[in-house]
file entry35.txt (compact mmCIF, C-alpha atoms)
# COMPACT_ATOMS: atom_id res chain seq x y z
CA MET L 133 118.34 -27.04 33.30
CA ALA L 134 120.68 -24.85 35.36
CA ALA L 135 120.97 -22.48 32.38
CA THR L 136 117.19 -22.17 32.18
CA ARG L 137 116.83 -21.47 35.87
CA ARG L 138 119.49 -18.77 35.76
CA SER L 139 118.17 -17.07 32.63
CA ASN L 140 116.38 -14.20 34.37
CA SER L 141 119.59 -12.86 35.83
CA ASP L 142 121.65 -13.25 32.67
CA GLY L 143 122.99 -10.11 31.05
CA PRO L 144 123.27 -9.66 27.28
CA ALA L 145 126.66 -11.38 27.12
CA ARG L 146 125.34 -14.58 28.64
CA PRO L 147 123.42 -16.05 25.69
CA ARG L 148 126.65 -16.44 23.69
CA LEU L 149 128.33 -18.14 26.62
CA ARG L 150 125.35 -20.40 27.15
CA ASP L 151 125.40 -21.13 23.43
CA ALA L 152 129.09 -22.11 23.67
CA ARG L 153 128.26 -24.40 26.59
CA ARG L 154 125.45 -26.02 24.64
CA ARG L 155 127.65 -26.46 21.55
CA MET L 156 130.41 -28.03 23.60
CA ILE L 157 128.03 -30.44 25.30
CA GLU L 158 126.48 -31.42 21.97
CA GLY L 159 129.97 -31.83 20.51
CA ALA L 160 131.01 -34.02 23.45
CA ILE L 161 127.89 -36.18 23.07
CA GLU L 162 128.59 -36.58 19.35
CA SER L 163 132.21 -37.47 20.07
CA LEU L 164 131.17 -40.06 22.68
CA ARG L 165 128.71 -41.56 20.18
CA VAL L 166 131.23 -41.76 17.34
CA HIS L 167 134.69 -42.02 18.87
CA GLY L 168 134.10 -43.30 22.39
CA ALA L 169 135.05 -41.95 25.80
CA SER L 170 138.87 -42.03 25.70
CA ALA L 171 138.91 -40.21 22.37
CA THR L 172 136.66 -37.45 23.70
CA SER L 173 139.00 -34.66 24.75
CA VAL L 174 138.50 -30.95 25.30
CA ASP L 175 140.73 -30.25 22.29
CA ARG L 176 138.68 -32.52 20.00
CA VAL L 177 135.40 -30.95 21.09
CA LEU L 178 136.79 -27.43 20.64
CA ALA L 179 138.01 -28.35 17.16
CA ASP L 180 134.73 -30.04 16.21
CA THR L 181 132.47 -27.28 17.50
CA GLY L 182 134.53 -24.14 16.94
CA ALA L 183 133.67 -23.08 20.49
CA PRO L 184 136.11 -20.55 22.00
CA ARG L 185 138.70 -22.07 24.32
CA GLY L 186 137.74 -19.54 26.99
CA SER L 187 134.36 -21.18 27.24
CA VAL L 188 135.99 -24.32 28.61
CA TYR L 189 137.32 -22.55 31.68
CA HIS L 190 134.09 -20.64 32.11
CA HIS L 191 131.61 -23.48 31.72
CA PHE L 192 133.70 -26.52 32.53
CA PRO L 193 136.12 -25.56 35.29
CA GLY L 194 136.50 -29.28 35.95
CA GLY L 195 137.88 -29.70 32.41
CA ARG L 196 137.36 -32.90 30.45
CA THR L 197 135.83 -34.78 33.38
CA GLN L 198 133.17 -32.15 33.82
CA LEU L 199 132.54 -31.84 30.08
CA ILE L 200 131.92 -35.57 29.77
CA THR L 201 129.90 -35.75 32.98
CA ASP L 202 127.68 -32.90 31.78
CA ALA L 203 127.40 -34.53 28.34
CA LEU L 204 126.28 -37.80 29.95
CA ALA L 205 123.73 -35.93 32.06
CA THR L 206 122.32 -34.13 29.00
CA ALA L 207 122.30 -37.16 26.68
CA GLY L 208 121.11 -39.51 29.41
CA GLY L 209 118.40 -37.05 30.41
CA SER L 210 116.96 -36.67 26.92
CA MET L 211 117.20 -40.40 26.13
CA SER L 212 115.50 -41.16 29.45
CA GLU L 213 112.73 -38.66 28.74
CA PHE L 214 112.13 -40.30 25.36
CA ILE L 215 111.99 -43.78 26.91
CA GLU L 216 109.72 -42.57 29.72
CA ALA L 217 107.37 -40.95 27.18
CA ILE L 218 107.07 -43.97 24.90
CA THR L 219 106.71 -46.43 27.79
CA ARG L 220 104.05 -44.27 29.46
CA ASP L 221 101.75 -44.04 26.46
CA ASN L 222 102.13 -47.31 24.56
CA ASP L 223 101.99 -51.03 25.01
CA PRO L 224 105.35 -52.84 25.27
CA LEU L 225 105.55 -54.04 21.66
CA VAL L 226 104.72 -50.60 20.26
CA ALA L 227 107.18 -48.94 22.64
CA LEU L 228 109.92 -51.26 21.36
CA ASP L 229 108.96 -50.43 17.78
CA MET L 230 109.29 -46.71 18.52
CA PHE L 231 112.61 -47.25 20.25
CA VAL L 232 114.02 -49.24 17.35
CA ALA L 233 112.72 -46.68 14.85
CA LEU L 234 114.77 -43.96 16.54
CA TRP L 235 117.90 -46.09 16.58
CA ARG L 236 117.43 -47.27 13.01
CA GLN L 237 117.32 -43.62 11.95
CA THR L 238 120.35 -42.66 14.05
CA LEU L 239 122.40 -45.52 12.60
CA ILE L 240 121.40 -44.83 8.99
CA ASP L 241 121.66 -41.03 9.24
CA SER L 242 125.15 -41.32 10.69
CA ASP L 243 126.20 -43.96 8.13
CA TYR L 244 126.69 -46.33 11.10
CA ARG L 245 129.23 -44.01 12.70
CA ALA L 246 127.18 -43.01 15.76
CA GLY L 247 126.04 -45.23 18.60
CA CYS L 248 124.97 -44.73 22.19
CA PRO L 249 127.03 -42.25 24.24
CA ILE L 250 126.27 -44.11 27.46
CA ILE L 251 127.63 -47.50 26.35
CA ALA L 252 130.76 -45.68 25.18
CA VAL L 253 131.50 -44.90 28.82
CA ALA L 254 130.36 -48.30 30.10
CA VAL L 255 132.93 -50.33 28.13
CA GLU L 256 135.90 -48.35 29.44
CA THR L 257 137.28 -48.36 32.96
CA ASN L 258 138.18 -44.73 33.67
CA ASP L 259 140.40 -44.74 36.74
CA ASP L 260 140.68 -40.96 36.72
CA ALA L 261 136.93 -40.47 36.49
CA PRO L 262 134.92 -43.18 38.26
CA GLU L 263 131.96 -40.77 38.05
CA PHE L 264 131.51 -41.73 34.38
CA ALA L 265 130.58 -45.29 35.27
CA ALA L 266 128.36 -44.10 38.10
CA ALA L 267 126.56 -41.71 35.72
CA ALA L 268 126.10 -44.50 33.15
CA ALA L 269 124.74 -46.85 35.82
CA ALA L 270 122.22 -44.24 36.96
CA ILE L 271 121.04 -43.67 33.37
CA PHE L 272 120.66 -47.39 32.65
CA ALA L 273 118.75 -47.72 35.95
CA ARG L 274 116.35 -44.97 34.86
CA TRP L 275 115.66 -46.78 31.57
CA ASN L 276 115.22 -50.04 33.44
CA ALA L 277 112.73 -48.41 35.82
CA ALA L 278 110.62 -47.05 32.94
CA LEU L 279 110.53 -50.45 31.22
CA THR L 280 109.85 -52.30 34.49
CA ASP L 281 106.97 -49.97 35.20
CA LEU L 282 105.53 -50.54 31.71
CA LEU L 283 105.80 -54.33 32.02
CA THR L 284 104.28 -54.49 35.51
CA ARG L 285 101.34 -52.44 34.18
CA HIS L 286 100.97 -55.19 31.58
CA GLY L 287 100.75 -57.94 34.16
CA LEU L 288 104.30 -59.12 34.85
CA ASP L 289 105.33 -59.45 38.44
CA PRO L 290 107.89 -56.79 39.37
CA ALA L 291 110.90 -59.15 39.60
CA ARG L 292 110.19 -60.68 36.19
CA ALA L 293 109.50 -57.23 34.72
CA ARG L 294 112.85 -55.96 36.00
CA ARG L 295 114.72 -58.94 34.51
CA MET L 296 112.96 -58.45 31.19
CA ALA L 297 113.83 -54.73 31.28
CA THR L 298 117.48 -55.63 31.89
CA LEU L 299 117.45 -58.03 28.93
CA THR L 300 115.90 -55.32 26.75
CA VAL L 301 118.43 -52.61 27.62
CA ALA L 302 121.35 -55.04 27.30
CA ALA L 303 120.15 -56.47 23.99
CA VAL L 304 119.43 -53.10 22.37
CA GLU L 305 122.82 -51.73 23.44
CA GLY L 306 124.61 -54.80 22.11
CA ALA L 307 122.60 -54.81 18.89
CA ILE L 308 123.49 -51.19 18.14
CA ALA L 309 127.19 -52.13 18.38
CA LEU L 310 126.61 -55.12 16.06
CA CYS L 311 124.87 -52.83 13.55
CA ARG L 312 127.81 -50.44 13.56
CA VAL L 313 130.41 -53.05 12.65
CA GLU L 314 128.11 -54.85 10.18
CA ARG L 315 126.98 -51.50 8.71
CA ASP L 316 123.47 -52.89 8.63
CA VAL L 317 120.33 -52.49 10.76
CA ALA L 318 119.55 -56.22 10.56
CA PRO L 319 121.03 -57.10 13.99
CA LEU L 320 118.79 -54.51 15.63
CA GLU L 321 115.69 -55.62 13.69
CA ASP L 322 116.37 -59.27 14.54
CA THR L 323 117.04 -58.49 18.19
CA ILE L 324 113.89 -56.41 18.59
CA GLY L 325 111.80 -59.06 16.79
CA GLU L 326 112.95 -61.72 19.24
CA LEU L 327 112.53 -59.41 22.23
CA GLN L 328 108.97 -58.68 21.12
CA SER L 329 108.19 -62.37 20.74
CA HIS L 330 109.62 -63.03 24.22
CA LEU L 331 107.70 -60.11 25.74
CA ALA L 332 104.46 -61.10 24.02
CA ALA L 333 104.75 -64.65 25.39
CA ALA L 334 105.48 -63.40 28.92
CA ILE L 335 102.62 -60.91 28.89
CA GLY L 336 100.25 -63.46 27.33
CA ALA L 337 101.17 -66.05 29.98
CA SER L 338 100.67 -63.54 32.80
CA THR L 339 97.17 -62.66 31.61
CA ASP L 340 96.00 -66.21 30.89
CA MET I 1347 149.92 -70.25 14.64
CA ALA I 1348 152.50 -68.69 12.33
CA ALA I 1349 155.04 -68.89 15.15
CA THR I 1350 154.34 -72.60 15.58
CA ARG I 1351 154.71 -73.32 11.91
CA ARG I 1352 158.03 -71.45 11.74
CA SER I 1353 159.47 -72.97 14.91
CA ASN I 1354 161.72 -75.53 13.19
CA SER I 1355 163.75 -72.80 11.49
CA ASP I 1356 163.97 -70.54 14.52
CA GLY I 1357 167.40 -69.89 15.97
CA PRO I 1358 168.01 -69.48 19.69
CA ALA I 1359 167.24 -65.75 19.58
CA ARG I 1360 163.72 -66.29 18.28
CA PRO I 1361 161.94 -67.55 21.40
CA ARG I 1362 162.55 -64.23 23.18
CA LEU I 1363 161.20 -62.28 20.22
CA ARG I 1364 158.18 -64.53 20.00
CA ASP I 1365 157.71 -64.10 23.71
CA ALA I 1366 157.79 -60.31 23.32
CA ARG I 1367 155.19 -60.55 20.56
CA ARG I 1368 152.96 -62.72 22.73
CA ARG I 1369 153.32 -60.38 25.71
CA MET I 1370 152.46 -57.36 23.59
CA ILE I 1371 149.40 -59.03 22.13
CA GLU I 1372 148.22 -60.12 25.56
CA GLY I 1373 148.88 -56.59 26.83
CA ALA I 1374 146.89 -55.10 23.94
CA ILE I 1375 143.97 -57.47 24.60
CA GLU I 1376 143.99 -56.53 28.28
CA SER I 1377 144.10 -52.84 27.40
CA LEU I 1378 141.18 -53.23 24.97
CA ARG I 1379 139.21 -55.07 27.66
CA VAL I 1380 139.86 -52.48 30.37
CA HIS I 1381 140.49 -49.14 28.67
CA GLY I 1382 138.91 -49.52 25.22
CA ALA I 1383 140.26 -49.11 21.73
CA SER I 1384 141.24 -45.42 21.60
CA ALA I 1385 143.18 -45.74 24.84
CA THR I 1386 145.14 -48.73 23.53
CA SER I 1387 148.42 -47.31 22.25
CA VAL I 1388 151.81 -48.86 21.56
CA ASP I 1389 153.25 -46.77 24.41
CA ARG I 1390 150.65 -48.00 26.89
CA VAL I 1391 151.18 -51.64 25.93
CA LEU I 1392 154.97 -51.28 26.14
CA ALA I 1393 154.62 -49.70 29.59
CA ASP I 1394 152.14 -52.33 30.79
CA THR I 1395 154.10 -55.33 29.52
CA GLY I 1396 157.71 -54.21 29.81
CA ALA I 1397 158.30 -55.49 26.27
CA PRO I 1398 161.30 -53.91 24.52
CA ARG I 1399 160.43 -51.09 22.11
CA GLY I 1400 162.43 -52.84 19.38
CA SER I 1401 159.91 -55.66 19.41
CA VAL I 1402 157.27 -53.25 18.09
CA TYR I 1403 159.17 -52.60 14.87
CA HIS I 1404 160.07 -56.26 14.55
CA HIS I 1405 156.68 -57.84 15.20
CA PHE I 1406 154.30 -55.00 14.42
CA PRO I 1407 155.75 -53.06 11.49
CA GLY I 1408 152.24 -51.68 10.95
CA GLY I 1409 152.43 -50.10 14.44
CA ARG I 1410 149.33 -49.60 16.55
CA THR I 1411 146.94 -50.67 13.80
CA GLN I 1412 148.70 -54.00 13.41
CA LEU I 1413 149.03 -54.52 17.16
CA ILE I 1414 145.28 -54.05 17.67
CA THR I 1415 144.39 -56.07 14.57
CA ASP I 1416 146.57 -58.94 15.78
CA ALA I 1417 145.13 -58.62 19.30
CA LEU I 1418 141.59 -58.84 17.89
CA ALA I 1419 142.56 -61.91 15.86
CA THR I 1420 144.05 -63.63 18.91
CA ALA I 1421 141.27 -62.71 21.35
CA GLY I 1422 138.55 -63.33 18.79
CA GLY I 1423 140.09 -66.65 17.85
CA SER I 1424 140.27 -68.00 21.37
CA MET I 1425 136.82 -66.69 22.31
CA SER I 1426 135.41 -68.25 19.13
CA GLU I 1427 137.09 -71.58 19.88
CA PHE I 1428 135.54 -71.57 23.35
CA ILE I 1429 132.08 -70.78 21.96
CA GLU I 1430 132.45 -73.41 19.24
CA ALA I 1431 133.51 -76.01 21.83
CA ILE I 1432 130.65 -75.39 24.26
CA THR I 1433 128.03 -75.15 21.49
CA ARG I 1434 129.27 -78.38 19.89
CA ASP I 1435 129.02 -80.54 22.99
CA ASN I 1436 126.09 -79.18 24.99
CA ASP I 1437 122.45 -78.30 24.71
CA PRO I 1438 121.64 -74.57 24.35
CA LEU I 1439 120.75 -73.90 27.98
CA VAL I 1440 123.89 -75.59 29.28
CA ALA I 1441 126.04 -73.78 26.70
CA LEU I 1442 124.65 -70.45 27.91
CA ASP I 1443 125.37 -71.46 31.51
CA MET I 1444 128.97 -72.21 30.59
CA PHE I 1445 129.28 -68.94 28.72
CA VAL I 1446 127.93 -66.92 31.62
CA ALA I 1447 130.17 -68.78 34.08
CA LEU I 1448 133.24 -67.64 32.15
CA TRP I 1449 132.05 -64.04 32.02
CA ARG I 1450 131.00 -64.00 35.69
CA GLN I 1451 134.52 -65.10 36.57
CA THR I 1452 136.16 -62.54 34.28
CA LEU I 1453 134.09 -59.71 35.73
CA ILE I 1454 134.65 -60.71 39.35
CA ASP I 1455 138.36 -61.53 38.93
CA SER I 1456 138.97 -58.16 37.31
CA ASP I 1457 136.87 -56.31 39.93
CA TYR I 1458 134.55 -55.32 37.02
CA ARG I 1459 137.40 -53.57 35.20
CA ALA I 1460 137.63 -55.95 32.21
CA GLY I 1461 135.02 -56.54 29.53
CA CYS I 1462 135.00 -57.87 25.99
CA PRO I 1463 137.84 -56.65 23.74
CA ILE I 1464 135.65 -57.01 20.65
CA ILE I 1465 132.85 -54.71 21.82
CA ALA I 1466 135.53 -52.16 22.74
CA VAL I 1467 136.28 -51.81 19.04
CA ALA I 1468 132.63 -52.03 17.96
CA VAL I 1469 131.49 -48.92 19.86
CA GLU I 1470 134.15 -46.67 18.30
CA THR I 1471 134.31 -45.49 14.71
CA ASN I 1472 138.00 -45.68 13.82
CA ASP I 1473 138.44 -43.66 10.63
CA ASP I 1474 142.15 -44.44 10.47
CA ALA I 1475 141.61 -48.18 10.88
CA PRO I 1476 138.35 -49.44 9.35
CA GLU I 1477 139.85 -52.93 9.62
CA PHE I 1478 139.03 -52.92 13.35
CA ALA I 1479 135.28 -52.85 12.66
CA ALA I 1480 135.65 -55.45 9.91
CA ALA I 1481 137.58 -57.73 12.29
CA ALA I 1482 134.92 -57.30 14.99
CA ALA I 1483 132.14 -58.05 12.51
CA ALA I 1484 133.89 -61.25 11.40
CA ILE I 1485 134.32 -62.40 15.01
CA PHE I 1486 130.68 -61.69 15.91
CA ALA I 1487 129.65 -63.57 12.74
CA ARG I 1488 131.68 -66.60 13.84
CA TRP I 1489 129.95 -66.62 17.25
CA ASN I 1490 126.59 -66.20 15.54
CA ALA I 1491 127.33 -69.15 13.23
CA ALA I 1492 128.22 -71.44 16.15
CA LEU I 1493 125.03 -70.51 18.03
CA THR I 1494 122.89 -70.78 14.87
CA ASP I 1495 124.28 -74.24 14.23
CA LEU I 1496 123.53 -75.32 17.81
CA LEU I 1497 119.96 -74.02 17.66
CA THR I 1498 119.19 -75.56 14.27
CA ARG I 1499 120.43 -78.90 15.64
CA HIS I 1500 117.82 -78.40 18.40
CA GLY I 1501 114.99 -77.94 15.94
CA LEU I 1502 114.78 -74.23 15.12
CA ASP I 1503 114.55 -73.29 11.48
CA PRO I 1504 117.77 -71.60 10.31
CA ALA I 1505 116.32 -68.08 10.00
CA ARG I 1506 114.85 -68.19 13.51
CA ALA I 1507 118.05 -69.74 14.88
CA ARG I 1508 120.10 -66.95 13.35
CA ARG I 1509 117.86 -64.25 14.86
CA MET I 1510 118.04 -65.95 18.24
CA ALA I 1511 121.83 -66.14 17.96
CA THR I 1512 121.93 -62.41 17.19
CA LEU I 1513 119.80 -61.65 20.25
CA THR I 1514 122.08 -63.81 22.39
CA VAL I 1515 125.33 -62.18 21.26
CA ALA I 1516 123.83 -58.68 21.53
CA ALA I 1517 122.31 -59.29 24.95
CA VAL I 1518 125.43 -60.86 26.47
CA GLU I 1519 127.63 -58.03 25.16
CA GLY I 1520 125.24 -55.41 26.50
CA ALA I 1521 124.86 -57.20 29.83
CA ILE I 1522 128.63 -57.30 30.38
CA ALA I 1523 128.74 -53.52 29.99
CA LEU I 1524 125.84 -53.13 32.44
CA CYS I 1525 127.70 -55.34 34.94
CA ARG I 1526 130.80 -53.17 34.67
CA VAL I 1527 129.05 -49.92 35.56
CA GLU I 1528 126.85 -51.53 38.22
CA ARG I 1529 129.82 -53.47 39.61
CA ASP I 1530 127.51 -56.47 39.96
CA VAL I 1531 126.92 -59.67 37.97
CA ALA I 1532 123.12 -59.38 38.38
CA PRO I 1533 122.50 -57.85 34.90
CA LEU I 1534 124.29 -60.80 33.28
CA GLU I 1535 122.46 -63.38 35.43
CA ASP I 1536 119.11 -61.75 34.71
CA THR I 1537 119.83 -61.47 30.99
CA ILE I 1538 120.95 -65.10 30.69
CA GLY I 1539 117.93 -66.28 32.70
CA GLU I 1540 115.54 -64.54 30.31
CA LEU I 1541 117.48 -65.72 27.25
CA GLN I 1542 117.26 -69.29 28.53
CA SER I 1543 113.53 -68.99 29.11
CA HIS I 1544 113.10 -67.58 25.59
CA LEU I 1545 115.29 -70.31 24.05
CA ALA I 1546 113.53 -73.08 25.98
CA ALA I 1547 110.14 -71.88 24.74
CA ALA I 1548 111.34 -71.65 21.13
CA ILE I 1549 112.95 -75.10 21.21
CA GLY I 1550 109.95 -76.59 23.01
CA ALA I 1551 107.56 -75.11 20.44
CA SER I 1552 109.66 -76.39 17.54
CA THR I 1553 109.63 -79.96 18.89
CA ASP I 1554 105.95 -80.03 19.87
call {"tool": "encode", "arguments": {"input": "entry35.txt", "output": "structure tokens"}}
result
Amino acid sequence: MAATRRSNSDGPARPRLRDARRRMIEGAIESLRVHGASATSVDRVLADTGAPRGSVYHHFPGGRTQLITDALATAGGSMSEFIEAITRDNDPLVALDMFVALWRQTLIDSDYRAGCPIIAVAVETNDDAPEFAAAAAAIFARWNAALTDLLTRHGLDPARARRMATLTVAAVEGAIALCRVERDVAPLEDTIGELQSHLAAAIGASTD
Amino acid sequence: MAATRRSNSDGPARPRLRDARRRMIEGAIESLRVHGASATSVDRVLADTGAPRGSVYHHFPGGRTQLITDALATAGGSMSEFIEAITRDNDPLVALDMFVALWRQTLIDSDYRAGCPIIAVAVETNDDAPEFAAAAAAIFARWNAALTDLLTRHGLDPARARRMATLTVAAVEGAIALCRVERDVAPLEDTIGELQSHLAAAIGASTD
């Protein structure tokens, strides 16, 4: 977003630098997804992306902490936008179907190597960078808010809707990890099927 | 277990070596819980536990891979025994209460620094040690089997019981991660409350 806002004042050299920043952020997100937070270093991302080392000092003066923080903001932002879009325009069961379809594809396309970059941060206590956990909490809260809003629109009282949203985020995150170690999408399919049955019962009861 | 079986032939020097092995495994489990898999190195565990470096070569000739594999076996074994005990002797809602009580305590006692050592491995693709994922999958499968058995005893058909067990394991694992970043047990309480309501409805319907 900052890059877009600054674009009018950028000279001809800037697009390459912006491109290096984008590549490094995408590389950091991919590394978080596959290898987890501790394994995501500036050196690994430089090696994976081929970005010039100078771009680190230019775009990420805060080093690894800033690289990961920016990666979380980018990944969390686009995942949140997806969740907000599908929860705005669909009923809860369809929204869950769309969510699981995306994850099924991510798991299969990556041969079960890639998971969620946000959970990667959430299962590690980073004493040097408490901002990682704070960023993850804010992203999970944004997903929870979108789901809570969807469920209240379908008749659940706000407290129940929020609890159900928490269950959904927790269960999907856990199921993705189960799929990775089982190398199978069945845990996600089973989890979503049960979540849908639970949601359908709650929504049905609230509209009786 | 191996140490117990060998104890009759152990000379006086052995208890110290066994003690070093135990300390290193406990240190590795703690490191997995707090810092995750990539951050769990032989050096870190030696520093954290004060175990002599010679004990690594003696007890873990396979180095870091063996240390983590043995830590997963120990942690997974004792967690599985706990789950098998509470699912054998209690109804499903009580078993979930006991499970959440243990996790609530672990989260609070560790000031939200410690999570599940198994999920730590499951969210990282370890190309050098695919046995970590296989070990995690086997442990999750053992938990799933205990829960499936409990739920079939309470009237669910085996396929439904297995799906419900998958949802439970996934949701609890995800909820623990949410608790860590929120520094609050509310996500776990909310998740367990909804799981219990879903389980109660399924069991009630199956016995109608």
call {"tool": "closest_residue", "arguments": {"input": "entry35.txt", "among": "I:Met1510, I:Ala1492, I:Ala1374, I:Leu1442", "to": "chain L", "atoms": "only C-alpha atoms"}}
result
I:Met1510
call {"tool": "closest_residue", "arguments": {"input": "entry35.txt", "among": "I:Ala1482, I:Ala1546, I:Ala1366, I:Leu1502", "to": "chain L", "atoms": "all atoms listed in the file"}}
result
I:Ala1482
call {"tool": "residues_around", "arguments": {"input": "entry35.txt", "residues": "stretch 1530-1542 of chain I", "least_positions_apart": "6", "cutoff": "7 Å", "atoms": "only C-alpha atoms", "output": "list of chain:residue names"}}
result
L:Arg295, L:Met296, L:Thr298, L:Leu299, I:Leu1439, I:Arg1450, I:Thr1514, I:Ala1517, I:Val1518, I:Ala1521, I:Ile1522, I:Leu1524
call {"tool": "interface_residues", "arguments": {"input": "entry35.txt", "of": "chain I", "to": "chain L", "cutoff": "6 Å", "atoms": "all atoms listed in the file", "output": "mmCIF file with C-alpha atoms, keeping the file's coordinate frame"}}
result
data_model
loop_
_atom_site.group_PDB
_atom_site.id
_atom_site.type_symbol
_atom_site.label_atom_id
_atom_site.label_comp_id
_atom_site.auth_asym_id
_atom_site.auth_seq_id
_atom_site.Cartn_x
_atom_site.Cartn_y
_atom_site.Cartn_z
ATOM 1 C CA VAL I 1380 139.860 -52.480 30.370
ATOM 2 C CA HIS I 1381 140.490 -49.140 28.670
ATOM 3 C CA GLY I 1382 138.910 -49.520 25.220
ATOM 4 C CA SER I 1384 141.240 -45.420 21.600
ATOM 5 C CA ALA I 1385 143.180 -45.740 24.840
ATOM 6 C CA ARG I 1459 137.400 -53.570 35.200
ATOM 7 C CA ALA I 1468 132.630 -52.030 17.960
ATOM 8 C CA VAL I 1469 131.490 -48.920 19.860
ATOM 9 C CA GLU I 1470 134.150 -46.670 18.300
ATOM 10 C CA THR I 1471 134.310 -45.490 14.710
ATOM 11 C CA ALA I 1479 135.280 -52.850 12.660
ATOM 12 C CA ALA I 1483 132.140 -58.050 12.510
ATOM 13 C CA ARG I 1509 117.860 -64.250 14.860
ATOM 14 C CA LEU I 1513 119.800 -61.650 20.250
ATOM 15 C CA ALA I 1516 123.830 -58.680 21.530
ATOM 16 C CA ALA I 1517 122.310 -59.290 24.950
ATOM 17 C CA GLU I 1519 127.630 -58.030 25.160
ATOM 18 C CA GLY I 1520 125.240 -55.410 26.500
ATOM 19 C CA ALA I 1521 124.860 -57.200 29.830
ATOM 20 C CA ALA I 1523 128.740 -53.520 29.990
ATOM 21 C CA VAL I 1527 129.050 -49.920 35.560
ATOM 22 C CA GLU I 1528 126.850 -51.530 38.220
ATOM 23 C CA ASP I 1536 119.110 -61.750 34.710
ATOM 24 C CA THR I 1537 119.830 -61.470 30.990
ATOM 25 C CA HIS I 1544 113.100 -67.580 25.590
#
call {"tool": "atom_distance", "arguments": {"input": "entry35.txt", "atom1": "atom CA of I:Ile1549", "atom2": "atom CA of I:Thr1494"}}
result
12.6 Å
call {"tool": "axis_aligned_box", "arguments": {"input": "entry35.txt", "around": "stretch 261-279 of chain L", "padding_each_side": "3 Å", "output": "AutoDock Vina command-line options"}}
result
--center_x 123.7 --center_y -45.5 --center_z 34.7 --size_x 32.4 --size_y 16.0 --size_z 13.0
call {"tool": "atom_distance", "arguments": {"input": "entry35.txt", "atom1": "atom CA of I:Tyr1403", "atom2": "atom CA of I:Thr1415"}}
result
15.2 Å
call {"tool": "residues_around", "arguments": {"input": "entry35.txt", "residues": "I:Val1402", "least_positions_apart": "6", "cutoff": "10 Å", "atoms": "only C-alpha atoms", "output": "list of chain:residue names"}}
result
I:Ala1366, I:Arg1367, I:Met1370, I:Val1388, I:Asp1389, I:Leu1392, I:Gly1408, I:Gly1409, I:Arg1410, I:Gln1412, I:Leu1413
call {"tool": "write_last_selection", "arguments": {"input": "entry35.txt", "atoms": "C-alpha atoms", "output": "compact mmCIF listing (two decimals), keeping the file's coordinate frame"}}
result
# COMPACT_ATOMS: atom_id res chain seq x y z
CA ALA I 1366 157.79 -60.31 23.32
CA ARG I 1367 155.19 -60.55 20.56
CA MET I 1370 152.46 -57.36 23.59
CA VAL I 1388 151.81 -48.86 21.56
CA ASP I 1389 153.25 -46.77 24.41
CA LEU I 1392 154.97 -51.28 26.14
CA GLY I 1408 152.24 -51.68 10.95
CA GLY I 1409 152.43 -50.10 14.44
CA ARG I 1410 149.33 -49.60 16.55
CA GLN I 1412 148.70 -54.00 13.41
CA LEU I 1413 149.03 -54.52 17.16
call {"tool": "decode", "arguments": {"input": "entry35.txt", "residues": "stretch 282-295 of chain L", "atoms": "C-alpha atoms", "output": "mmCIF file, in the first residue's frame"}}
result
data_model
loop_
_atom_site.group_PDB
_atom_site.id
_atom_site.type_symbol
_atom_site.label_atom_id
_atom_site.label_comp_id
_atom_site.auth_asym_id
_atom_site.auth_seq_id
_atom_site.Cartn_x
_atom_site.Cartn_y
_atom_site.Cartn_z
ATOM 1 C CA LEU L 282 -21.651 -13.152 8.790
ATOM 2 C CA LEU L 283 -23.134 -15.342 11.523
ATOM 3 C CA THR L 284 -24.974 -12.501 13.273
ATOM 4 C CA ARG L 285 -26.507 -11.587 9.887
ATOM 5 C CA HIS L 286 -27.752 -15.184 9.811
ATOM 6 C CA GLY L 287 -29.485 -14.911 13.157
ATOM 7 C CA LEU L 288 -26.949 -15.887 15.822
ATOM 8 C CA ASP L 289 -26.606 -13.612 18.787
ATOM 9 C CA PRO L 290 -23.263 -11.791 18.730
ATOM 10 C CA ALA L 291 -21.669 -13.736 21.626
ATOM 11 C CA ARG L 292 -22.576 -17.107 20.103
ATOM 12 C CA ALA L 293 -21.470 -15.911 16.655
ATOM 13 C CA ARG L 294 -18.091 -14.868 18.044
ATOM 14 C CA ARG L 295 -17.584 -18.244 19.753
#
